[in-house]
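Coordinates from model_33.pdb are shown below (PDB, C-alpha atoms).
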ATOM      1  CA  MET S  94     -44.788 -44.511  65.938
ATOM      2  CA  SER S  95     -41.377 -44.758  64.224
ATOM      3  CA  TRP S  96     -38.148 -43.051  65.356
ATOM      4  CA  GLN S  97     -38.238 -40.918  62.234
ATOM      5  CA  THR S  98     -41.690 -39.612  63.167
ATOM      6  CA  ILE S  99     -40.596 -38.921  66.740
ATOM      7  CA  LEU S 100     -37.514 -36.992  65.608
ATOM      8  CA  GLU S 101     -39.506 -34.955  63.119
ATOM      9  CA  GLN S 102     -42.090 -33.974  65.727
ATOM     10  CA  ASP S 103     -39.927 -33.672  68.830
ATOM     11  CA  TYR S 104     -37.537 -30.744  68.408
ATOM     12  CA  PHE S 105     -35.708 -31.497  71.671
ATOM     13  CA  SER S 106     -35.219 -35.214  70.940
ATOM     14  CA  ARG S 107     -33.770 -34.390  67.527
ATOM     15  CA  HIS S 108     -31.190 -32.095  69.096
ATOM     16  CA  VAL S 109     -30.285 -34.705  71.695
ATOM     17  CA  VAL S 110     -29.712 -37.367  69.025
ATOM     18  CA  ILE S 111     -27.613 -34.985  66.924
ATOM     19  CA  SER S 112     -25.538 -34.023  69.996
ATOM     20  CA  ILE S 113     -24.918 -37.677  70.878
ATOM     21  CA  GLY S 114     -23.950 -38.437  67.286
ATOM     22  CA  LEU S 115     -21.549 -35.479  67.220
ATOM     23  CA  PHE S 116     -19.975 -36.603  70.489
ATOM     24  CA  ILE S 117     -19.495 -40.171  69.196
ATOM     25  CA  LEU S 118     -18.006 -38.917  65.939
ATOM     26  CA  VAL S 119     -15.535 -36.582  67.637
ATOM     27  CA  SER S 120     -14.576 -39.295  70.151
ATOM     28  CA  PHE S 121     -13.910 -41.742  67.298
ATOM     29  CA  PHE S 122     -11.616 -39.291  65.507
ATOM     30  CA  ARG S 123      -9.892 -38.479  68.789
ATOM     31  CA  ILE S 124      -9.087 -42.118  69.563
ATOM     32  CA  TYR S 125      -8.053 -42.840  65.975
ATOM     33  CA  LEU S 126      -5.748 -39.861  65.589
ATOM     34  CA  ILE S 127      -4.108 -40.340  69.007
ATOM     35  CA  ARG S 128      -3.390 -44.003  68.213
ATOM     36  CA  GLN S 129      -1.888 -43.086  64.857
ATOM     37  CA  ILE S 130       0.338 -40.418  66.384
ATOM     38  CA  SER S 131       1.400 -42.601  69.342
ATOM     39  CA  SER S 132       2.364 -45.537  67.100
ATOM     40  CA  SER S 133       4.337 -43.438  64.621
ATOM     41  CA  LYS S 134       8.058 -44.037  64.915
ATOM     42  CA  LYS S 135       8.987 -41.293  62.471
ATOM     43  CA  ILE S 136       7.902 -38.526  64.838
ATOM     44  CA  PRO S 137      10.146 -37.771  67.889
ATOM     45  CA  LEU S 138       8.623 -38.512  71.307
ATOM     46  CA  ASN S 139       8.371 -34.866  72.379
ATOM     47  CA  ASP S 140       6.733 -33.936  69.066
ATOM     48  CA  ARG S 141       4.261 -36.808  69.455
ATOM     49  CA  ARG S 142       3.219 -35.497  72.865
ATOM     50  CA  GLN S 143       2.776 -32.016  71.424
ATOM     51  CA  TRP S 144       0.706 -33.375  68.529
ATOM     52  CA  ILE S 145      -1.511 -35.369  70.901
ATOM     53  CA  VAL S 146      -2.199 -32.267  73.008
ATOM     54  CA  THR S 147      -2.942 -30.250  69.857
ATOM     55  CA  VAL S 148      -5.369 -32.890  68.526
ATOM     56  CA  LYS S 149      -7.208 -33.057  71.840
ATOM     57  CA  THR S 150      -7.531 -29.280  71.957
ATOM     58  CA  ILE S 151      -8.766 -28.953  68.367
ATOM     59  CA  LEU S 152     -11.334 -31.753  68.660
ATOM     60  CA  LEU S 153     -12.632 -30.367  71.958
ATOM     61  CA  PHE S 154     -13.038 -26.994  70.279
ATOM     62  CA  VAL S 155     -14.882 -28.640  67.357
ATOM     63  CA  LEU S 156     -17.207 -30.458  69.760
ATOM     64  CA  LEU S 157     -18.033 -27.275  71.678
ATOM     65  CA  VAL S 158     -18.677 -25.293  68.493
ATOM     66  CA  GLY S 159     -20.876 -28.059  67.140
ATOM     67  CA  LEU S 160     -22.939 -28.241  70.326
ATOM     68  CA  ILE S 161     -23.339 -24.474  70.348
ATOM     69  CA  ILE S 162     -24.612 -24.547  66.757
ATOM     70  CA  VAL S 163     -27.046 -27.380  67.504
ATOM     71  CA  TRP S 164     -28.421 -25.756  70.661
ATOM     72  CA  ALA S 165     -28.134 -22.140  69.474
ATOM     73  CA  GLU S 166     -31.851 -21.356  69.762
ATOM     74  CA  GLU S 167     -32.141 -22.830  73.255
ATOM     75  CA  LEU S 168     -28.956 -21.081  74.369
ATOM     76  CA  ARG S 169     -30.242 -17.768  73.052
ATOM     77  CA  THR S 170     -33.508 -18.127  74.976
ATOM     78  CA  PHE S 171     -31.652 -19.232  78.103
ATOM     79  CA  ALA S 172     -29.177 -16.340  77.824
ATOM     80  CA  VAL S 173     -31.970 -13.762  77.575
ATOM     81  CA  SER S 174     -33.639 -15.198  80.669
ATOM     82  CA  LEU S 175     -30.328 -15.438  82.482
ATOM     83  CA  VAL S 176     -29.416 -11.824  81.710
ATOM     84  CA  ALA S 177     -32.769 -10.604  83.016
ATOM     85  CA  VAL S 178     -32.420 -12.605  86.220
ATOM     86  CA  ALA S 179     -28.776 -11.544  86.638
ATOM     87  CA  ALA S 180     -29.631  -7.860  86.155
ATOM     88  CA  ALA S 181     -32.363  -8.013  88.779
ATOM     89  CA  PHE S 182     -30.053  -9.878  91.150
ATOM     90  CA  VAL S 183     -27.218  -7.366  90.709
ATOM     91  CA  ILE S 184     -29.529  -4.397  91.321
ATOM     92  CA  ALA S 185     -31.025  -5.980  94.436
ATOM     93  CA  PHE S 186     -27.721  -7.133  95.928
ATOM     94  CA  LYS S 187     -25.320  -4.509  94.578
ATOM     95  CA  GLU S 188     -23.760  -3.578  97.925
ATOM     96  CA  VAL S 189     -23.464  -7.194  99.034
ATOM     97  CA  ILE S 190     -21.742  -8.146  95.778
ATOM     98  CA  MET S 191     -19.358  -5.183  96.017
ATOM     99  CA  ASN S 192     -18.484  -6.019  99.633
ATOM    100  CA  ILE S 193     -17.796  -9.654  98.748
ATOM    101  CA  SER S 194     -15.771  -8.592  95.702
ATOM    102  CA  GLY S 195     -13.789  -6.183  97.890
ATOM    103  CA  TYR S 196     -13.146  -8.978 100.377
ATOM    104  CA  PHE S 197     -11.724 -11.316  97.729
ATOM    105  CA  SER S 198      -9.745  -8.432  96.229
ATOM    106  CA  ARG S 199      -8.195  -7.775  99.640
ATOM    107  CA  VAL S 200      -7.528 -11.474 100.275
ATOM    108  CA  SER S 201      -5.780 -11.901  96.923
ATOM    109  CA  ALA S 202      -3.681  -8.721  97.177
ATOM    110  CA  LYS S 203      -3.088  -8.906 100.968
ATOM    111  CA  PRO S 204      -2.556  -5.144 101.405
ATOM    112  CA  PHE S 205      -2.809  -5.434 105.214
ATOM    113  CA  SER S 206      -3.449  -7.843 108.063
ATOM    114  CA  ILE S 207      -4.786  -7.760 111.620
ATOM    115  CA  GLY S 208      -2.890  -5.212 113.730
ATOM    116  CA  ASP S 209      -1.767  -3.031 110.808
ATOM    117  CA  ARG S 210      -2.473   0.710 110.791
ATOM    118  CA  ILE S 211      -4.251   1.639 107.565
ATOM    119  CA  GLU S 212      -5.921   4.622 105.926
ATOM    120  CA  VAL S 213      -8.829   4.264 103.497
ATOM    121  CA  ASN S 214     -10.773   7.225 102.097
ATOM    122  CA  GLY S 215      -9.369   9.548 104.784
ATOM    123  CA  ILE S 216     -10.167   7.159 107.669
ATOM    124  CA  ARG S 217      -7.212   5.907 109.721
ATOM    125  CA  GLY S 218      -7.008   3.218 112.343
ATOM    126  CA  ASP S 219      -5.622  -0.100 113.533
ATOM    127  CA  VAL S 220      -7.270  -3.210 112.082
ATOM    128  CA  ILE S 221      -8.802  -5.395 114.807
ATOM    129  CA  ASP S 222     -11.274  -7.575 112.858
ATOM    130  CA  GLN S 223     -12.290  -8.425 109.302
ATOM    131  CA  ASN S 224     -14.976 -10.562 107.674
ATOM    132  CA  LEU S 225     -16.762 -11.037 104.367
ATOM    133  CA  PHE S 226     -18.502  -7.655 104.517
ATOM    134  CA  PHE S 227     -16.655  -5.291 106.892
ATOM    135  CA  THR S 228     -13.237  -4.451 108.302
ATOM    136  CA  ARG S 229     -13.287  -3.074 111.848
ATOM    137  CA  ILE S 230     -10.630  -0.570 112.897
ATOM    138  CA  LEU S 231      -9.853   1.429 116.027
ATOM    139  CA  GLU S 232      -9.830   5.038 114.837
ATOM    140  CA  ILE S 233      -6.668   7.134 115.018
ATOM    141  CA  GLY S 234      -7.049  10.907 115.073
ATOM    142  CA  PRO S 235      -8.293  13.543 115.033
ATOM    143  CA  GLY S 236      -6.916  14.469 111.635
ATOM    144  CA  GLN S 237      -4.246  12.749 109.586
ATOM    145  CA  MET S 238      -1.129  13.902 111.476
ATOM    146  CA  THR S 239      -1.840  12.470 114.944
ATOM    147  CA  ASN S 240      -1.200   8.966 116.278
ATOM    148  CA  GLN S 241      -3.565   8.562 119.211
ATOM    149  CA  TYR S 242      -6.785   6.592 119.588
ATOM    150  CA  THR S 243     -10.073   8.471 119.584
ATOM    151  CA  GLY S 244     -11.892   5.730 121.497
ATOM    152  CA  ARG S 245     -14.156   4.925 118.538
ATOM    153  CA  SER S 246     -14.312   1.845 116.309
ATOM    154  CA  ILE S 247     -15.278   2.101 112.631
ATOM    155  CA  ASN S 248     -16.650  -0.609 110.353
ATOM    156  CA  LEU S 249     -15.276  -0.087 106.845
ATOM    157  CA  PRO S 250     -17.330  -1.804 104.116
ATOM    158  CA  ASN S 251     -15.117  -3.958 101.933
ATOM    159  CA  SER S 252     -16.518  -2.224  98.844
ATOM    160  CA  LEU S 253     -14.208   0.718  99.637
ATOM    161  CA  TYR S 254     -11.214  -1.365  98.541
ATOM    162  CA  LEU S 255     -12.558  -1.404  94.974
ATOM    163  CA  THR S 256     -12.778   2.386  94.653
ATOM    164  CA  HIS S 257     -10.160   3.822  97.049
ATOM    165  CA  SER S 258      -6.464   3.332  97.670
ATOM    166  CA  ILE S 259      -5.324   1.512 100.815
ATOM    167  CA  ILE S 260      -2.440   3.107 102.717
ATOM    168  CA  ASN S 261      -0.686   0.685 105.063
ATOM    169  CA  GLU S 262       1.422   2.547 107.633
ATOM    170  CA  SER S 263       2.634  -0.752 109.148
ATOM    171  CA  PHE S 264       3.824  -2.340 105.908
ATOM    172  CA  THR S 265       7.362  -2.694 107.269
ATOM    173  CA  HIS S 266       6.013  -4.331 110.440
ATOM    174  CA  ASP S 267       7.887  -3.623 113.725
ATOM    175  CA  TYR S 268       9.818  -0.542 112.578
ATOM    176  CA  THR S 269       8.886   2.323 110.305
ATOM    177  CA  LEU S 270      10.184   5.637 108.996
ATOM    178  CA  HIS S 271       7.994   8.301 110.564
ATOM    179  CA  VAL S 272       7.672  11.686 108.826
ATOM    180  CA  PHE S 273       6.227  14.862 110.298
ATOM    181  CA  VAL S 274       6.447  18.596 109.614
ATOM    182  CA  VAL S 275       7.407  21.494 111.920
ATOM    183  CA  PRO S 276       6.577  25.038 110.707
ATOM    184  CA  VAL S 277       9.041  27.848 111.499
ATOM    185  CA  ILE S 278       9.334  31.534 110.576
ATOM    186  CA  LEU S 279      12.001  32.805 108.184
ATOM    187  CA  ASP S 280      13.326  35.358 110.653
ATOM    188  CA  GLU S 281      15.239  32.602 112.411
ATOM    189  CA  ASP S 282      18.482  30.920 111.352
ATOM    190  CA  LEU S 283      17.057  27.915 109.485
ATOM    191  CA  LEU S 284      20.365  26.104 109.189
ATOM    192  CA  SER S 285      20.887  26.374 112.924
ATOM    193  CA  LEU S 286      17.363  25.109 113.597
ATOM    194  CA  GLN S 287      17.942  22.273 111.172
ATOM    195  CA  ARG S 288      21.140  21.192 112.932
ATOM    196  CA  GLN S 289      19.519  21.390 116.365
ATOM    197  CA  MET S 290      16.475  19.414 115.222
ATOM    198  CA  LEU S 291      18.764  16.753 113.755
ATOM    199  CA  ASP S 292      20.739  16.545 117.038
ATOM    200  CA  ILE S 293      17.501  16.021 118.950
ATOM    201  CA  CYS S 294      16.351  13.308 116.526
ATOM    202  CA  ASN S 295      19.683  11.498 116.727
ATOM    203  CA  SER S 296      19.657  11.579 120.529
ATOM    204  CA  ILE S 297      16.103  10.265 120.882
ATOM    205  CA  CYS S 298      16.142   7.719 118.046
ATOM    206  CA  ASP S 299      19.648   6.366 118.574
ATOM    207  CA  ILE S 300      18.333   3.323 120.487
ATOM    208  CA  TYR S 301      16.199   2.308 117.486
ATOM    209  CA  GLN S 302      18.655   2.706 114.622
ATOM    210  CA  VAL S 303      20.444  -0.662 114.840
ATOM    211  CA  ASP S 304      17.269  -2.716 115.187
ATOM    212  CA  ALA S 305      15.491  -0.596 112.574
ATOM    213  CA  LYS S 306      18.335  -1.088 110.073
ATOM    214  CA  THR S 307      18.250  -4.861 110.640
ATOM    215  CA  ALA S 308      14.485  -4.934 110.201
ATOM    216  CA  PHE S 309      14.607  -2.871 107.004
ATOM    217  CA  ASP S 310      17.468  -4.966 105.586
ATOM    218  CA  ASN S 311      15.454  -8.149 106.161
ATOM    219  CA  PHE S 312      12.360  -6.530 104.687
ATOM    220  CA  GLY S 313      14.283  -5.326 101.625
ATOM    221  CA  GLN S 314      15.647  -8.815 100.975
ATOM    222  CA  SER S 315      12.228 -10.453 101.314
ATOM    223  CA  GLN S 316      10.608  -7.905  98.964
ATOM    224  CA  ALA S 317      13.584  -7.592  96.578
ATOM    225  CA  ILE S 318      13.710  -3.803  96.985
ATOM    226  CA  GLU S 319      16.441  -1.331  97.865
ATOM    227  CA  THR S 320      16.730  -0.782 101.612
ATOM    228  CA  PRO S 321      16.187   2.861 102.635
ATOM    229  CA  SER S 322      18.517   4.629 105.031
ATOM    230  CA  VAL S 323      17.235   4.674 108.609
ATOM    231  CA  GLU S 324      19.292   7.632 109.805
ATOM    232  CA  PRO S 325      17.245  10.666 110.953
ATOM    233  CA  ARG S 326      16.929  13.385 108.346
ATOM    234  CA  VAL S 327      15.719  16.984 108.480
ATOM    235  CA  HIS S 328      14.959  18.915 105.295
ATOM    236  CA  ILE S 329      13.981  22.551 104.820
ATOM    237  CA  ARG S 330      10.968  23.393 102.665
ATOM    238  CA  TYR S 331       9.844  26.955 101.945
ATOM    239  CA  THR S 332       6.074  27.435 102.070
ATOM    240  CA  SER S 333       5.739  31.230 101.771
ATOM    241  CA  LYS S 334       7.817  34.406 101.941
ATOM    242  CA  ASP S 335       7.491  34.433 105.740
ATOM    243  CA  GLU S 336       7.404  30.761 106.703
ATOM    244  CA  ALA S 337       9.223  27.510 106.115
ATOM    245  CA  GLU S 338       8.906  23.924 107.291
ATOM    246  CA  LEU S 339      11.322  21.427 108.760
ATOM    247  CA  VAL S 340      10.427  18.051 107.273
ATOM    248  CA  VAL S 341      11.594  15.460 109.792
ATOM    249  CA  ARG S 342      12.043  11.744 109.101
ATOM    250  CA  VAL S 343      13.087   9.391 111.902
ATOM    251  CA  PRO S 344      13.201   5.623 112.499
ATOM    252  CA  ALA S 345      10.763   4.450 115.146
ATOM    253  CA  LYS S 346       8.976   1.419 116.471
ATOM    254  CA  THR S 347       5.648   1.349 114.692
ATOM    255  CA  SER S 348       3.651   1.372 117.923
ATOM    256  CA  TYR S 349       5.733   4.218 119.444
ATOM    257  CA  LYS S 350       5.999   6.716 116.589
ATOM    258  CA  GLY S 351       3.431   9.074 118.140
ATOM    259  CA  ARG S 352       5.339   9.183 121.430
ATOM    260  CA  ILE S 353       8.670   9.675 119.677
ATOM    261  CA  GLU S 354       7.269  12.553 117.635
ATOM    262  CA  GLN S 355       6.015  14.245 120.796
ATOM    263  CA  GLU S 356       9.392  13.840 122.524
ATOM    264  CA  ILE S 357      11.166  15.451 119.572
ATOM    265  CA  LEU S 358       8.666  18.322 119.397
ATOM    266  CA  LYS S 359       8.842  18.916 123.155
ATOM    267  CA  ASN S 360      12.636  19.226 123.095
ATOM    268  CA  PHE S 361      12.637  21.368 119.959
ATOM    269  CA  SER S 362       9.985  23.688 121.402
ATOM    270  CA  HIS S 363      12.369  24.715 124.221
ATOM    271  CA  ILE S 364      15.009  25.791 121.693
ATOM    272  CA  TYR S 365      12.577  27.459 119.336
ATOM    273  CA  THR S 366      10.798  29.357 122.092
ATOM    274  CA  ASP S 367      14.113  30.712 123.359
ATOM    275  CA  LYS S 368      14.972  31.917 119.853
ATOM    276  CA  LEU S 369      11.644  33.678 119.492
ATOM    277  CA  LYS S 370      12.190  35.430 122.817
ATOM    278  CA  ASN S 371      15.734  36.420 121.783
ATOM    279  CA  LYS S 372      17.206  34.532 124.693
ATOM    280  CA  PRO S 373      20.736  33.159 124.489
ATOM    281  CA  ASN S 374      20.778  29.527 123.559
ATOM    282  CA  THR S 375      21.569  27.076 126.306
ATOM    283  CA  PRO S 376      23.444  23.821 125.720
ATOM    284  CA  LEU S 377      21.295  21.221 124.073
ATOM    285  CA  THR S 378      19.607  18.998 126.666
ATOM    286  CA  VAL S 379      17.388  16.194 125.463
ATOM    287  CA  HIS S 380      14.553  15.062 127.722
ATOM    288  CA  THR S 381      13.326  11.551 127.043
ATOM    289  CA  ASP S 382      10.271   9.819 128.436
ATOM    290  CA  PRO S 383      10.200   6.054 128.881
ATOM    291  CA  VAL S 384       8.426   4.326 125.980
TER     292      VAL S 384
END
Would you encode the structure as C-alpha cells?
Amino acid sequence: MSWQTILEQDYFSRHVVISIGLFILVSFFRIYLIRQISSSKKIPLNDRRQWIVTVKTILLFVLLVGLIIVWAEELRTFAVSLVAVAAAFVIAFKEVIMNISGYFSRVSAKPFSIGDRIEVNGIRGDVIDQNLFFTRILEIGPGQMTNQYTGRSINLPNSLYLTHSIINESFTHDYTLHVFVVPVILDEDLLSLQRQMLDICNSICDIYQVDAKTAFDNFGQSQAIETPSVEPRVHIRYTSKDEAELVVRVPAKTSYKGRIEQEILKNFSHIYTDKLKNKPNTPLTVHTDPV
C-alpha cells in the first residue's frame, strides 16, 4: 500500500504529515530570516534585535494558527468533551474550588497574617492557623465593639475572601488607633465633657504616644502613605434631639486596646455620674490599672 493511499484513507495520519510539513516550513523561514537580519550591516544592532524578536513572534503565531486550522475538527470535539467534563467537575467540587481560589487570593494579596485581628462577614477574631481550605480564629466578642475572647474558635472557609471584605484591625502591627463611642445626654455641658474626656485620654495614653508615633512613622514610610496623628482626639456627634456621642480616638498597643478603653470609660464614668447627680465636680483623678 502506497503512502498516497495511506494518507487518503487515514485522516489522522494526513493531519500529522501536514502538521510536520508546516512546522518544517515555518522553521526554515525562521532560520532564513534571522540569518538575513543578523548579517545585515545596514540595520543598527538594536533594530536588528527588535526585528529578530518580531519575526520570531509572527512566525510562532503563524504556526499556531496553521495547527489550529489543521486540527480544527479534533479540537472542536475535544473542547466539547472538555467543557462537559469541566462543568461536571465544577458542580461537584464547587466549594473546594472556591476555598482554594480564596486561599490563593489571600496569599497573593496578603491582607493579614498569623496573629492579626480580622473581621470577615461580621465575625471577628485573632488568626491562629490557616491552610488551603480554612482560616482558624479565636473569636472576639460578643458584638463588634468589644475586645475580649469568647473562648470559642471559628473556622472561616477561604471562599469568604472572594465575596466579603476583610477588615484587618492589626494592619499597623504593634500600635493602632483605637476608636470607640460614648453616648451622653444633651442636658449636660458637652464641651466640658469633651475636655474632661480628652484629659483622661491624654493621662492614660501618654506612655504610648512616643512609641506609637515612631511605629506609625515607620509604617507610613514603608507603605508610602501620610502618617496619621497619634494624639488622642474627642469629637462630638449629635444623634438625636436628646442625645449626643463622644467619638474617642486614642493610640494604644494593639493587644491592650480593650483594657485601655475600659480604663478610660471607668474614669469618665465617675465624672459623668457626678454630673447626672448634680454633684459638684471634684478634681480630675485618673485611675490606671497595670497593663
Practice prompt. Go through the shown structure with the PyMOL selection byres ((chain S and resi 204-210) around 9) and write out the matching residues as a ChimeraX atom specification.
Written response: /S:199-203,211-212,217-223,230,233,259-264,266
Export of the given selection (C-alpha atoms) as a short mmCIF file (atom, residue, chain, number, x, y, z; two decimals), in the frame of the given file:
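Once written, part.cif looks like this:
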data_model
loop_
_atom_site.label_atom_id
_atom_site.label_comp_id
_atom_site.auth_asym_id
_atom_site.auth_seq_id
_atom_site.Cartn_x
_atom_site.Cartn_y
_atom_site.Cartn_z
CA ARG S 199 -8.20 -7.78 99.64
CA VAL S 200 -7.53 -11.47 100.28
CA SER S 201 -5.78 -11.90 96.92
CA ALA S 202 -3.68 -8.72 97.18
CA LYS S 203 -3.09 -8.91 100.97
CA ILE S 211 -4.25 1.64 107.56
CA GLU S 212 -5.92 4.62 105.93
CA ARG S 217 -7.21 5.91 109.72
CA GLY S 218 -7.01 3.22 112.34
CA ASP S 219 -5.62 -0.10 113.53
CA VAL S 220 -7.27 -3.21 112.08
CA ILE S 221 -8.80 -5.40 114.81
CA ASP S 222 -11.27 -7.58 112.86
CA GLN S 223 -12.29 -8.43 109.30
CA ILE S 230 -10.63 -0.57 112.90
CA ILE S 233 -6.67 7.13 115.02
CA ILE S 259 -5.32 1.51 100.82
CA ILE S 260 -2.44 3.11 102.72
CA ASN S 261 -0.69 0.68 105.06
CA GLU S 262 1.42 2.55 107.63
CA SER S 263 2.63 -0.75 109.15
CA PHE S 264 3.82 -2.34 105.91
CA HIS S 266 6.01 -4.33 110.44
#
Fill in: Exercise: Val274 of chain S partners within 8 Å, all atoms listed in the file, chain neighbours under 3 positions left out, as a ChimeraX atom specification
/S:338-341
Give me a file of those residues, with C-alpha atoms, as a tab-separated table (two decimals), in the coordinates of the input.
chain	number	residue	atom	x	y	z
S	338	GLU	CA	8.91	23.92	107.29
S	339	LEU	CA	11.32	21.43	108.76
S	340	VAL	CA	10.43	18.05	107.27
S	341	VAL	CA	11.59	15.46	109.79
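Comparing S:Leu253, S:Ile145, S:Ile247, S:Leu115 by their smallest distance to Ser198 of chain S, the closest is S:Leu253 (using only C-alpha atoms).
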Practice prompt. Between atom CA of His257 of chain S and atom CA of Gly215 of chain S, measure the distance and give it in Å to one decimal.
Written response: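 Calculated distance between atom CA of His257 of chain S and atom CA of Gly215 of chain S is 9.7 Å.
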Practice prompt. Have a look at atom CA of Gly234 of chain S and atom CA of Ser252 of chain S and let me know their distance in Å, one decimal.
Written response: 22.9 Å
Worksheet item: Taking into account all atoms listed in the file, which residue in the set S:Leu291, S:Ala308, S:Ile357, S:Ile278 is nearest to Glu336 of chain S?
Response: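 That would be S:Ile278, the residue with the smallest distance to Glu336 of chain S.
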Fill in: Coordinates-based distance that separates atom CA of Ser285 of chain S from atom CA of Asp335 of chain S (Å, one decimal)
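Result for atom CA of Asp335 of chain S versus atom CA of Ser285 of chain S: 17.2 Å, one decimal.
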Worksheet item: Near segment 158-172 of chain S, counting all atoms listed in the file, which residues have an atom at most 10 Å away, once you skip same-chain residues fewer than 6 positions from it, shown as JSON, numbers by chain?
Response: {"S": [105, 107, 108, 109, 111, 112, 113, 115, 116, 152, 178]}
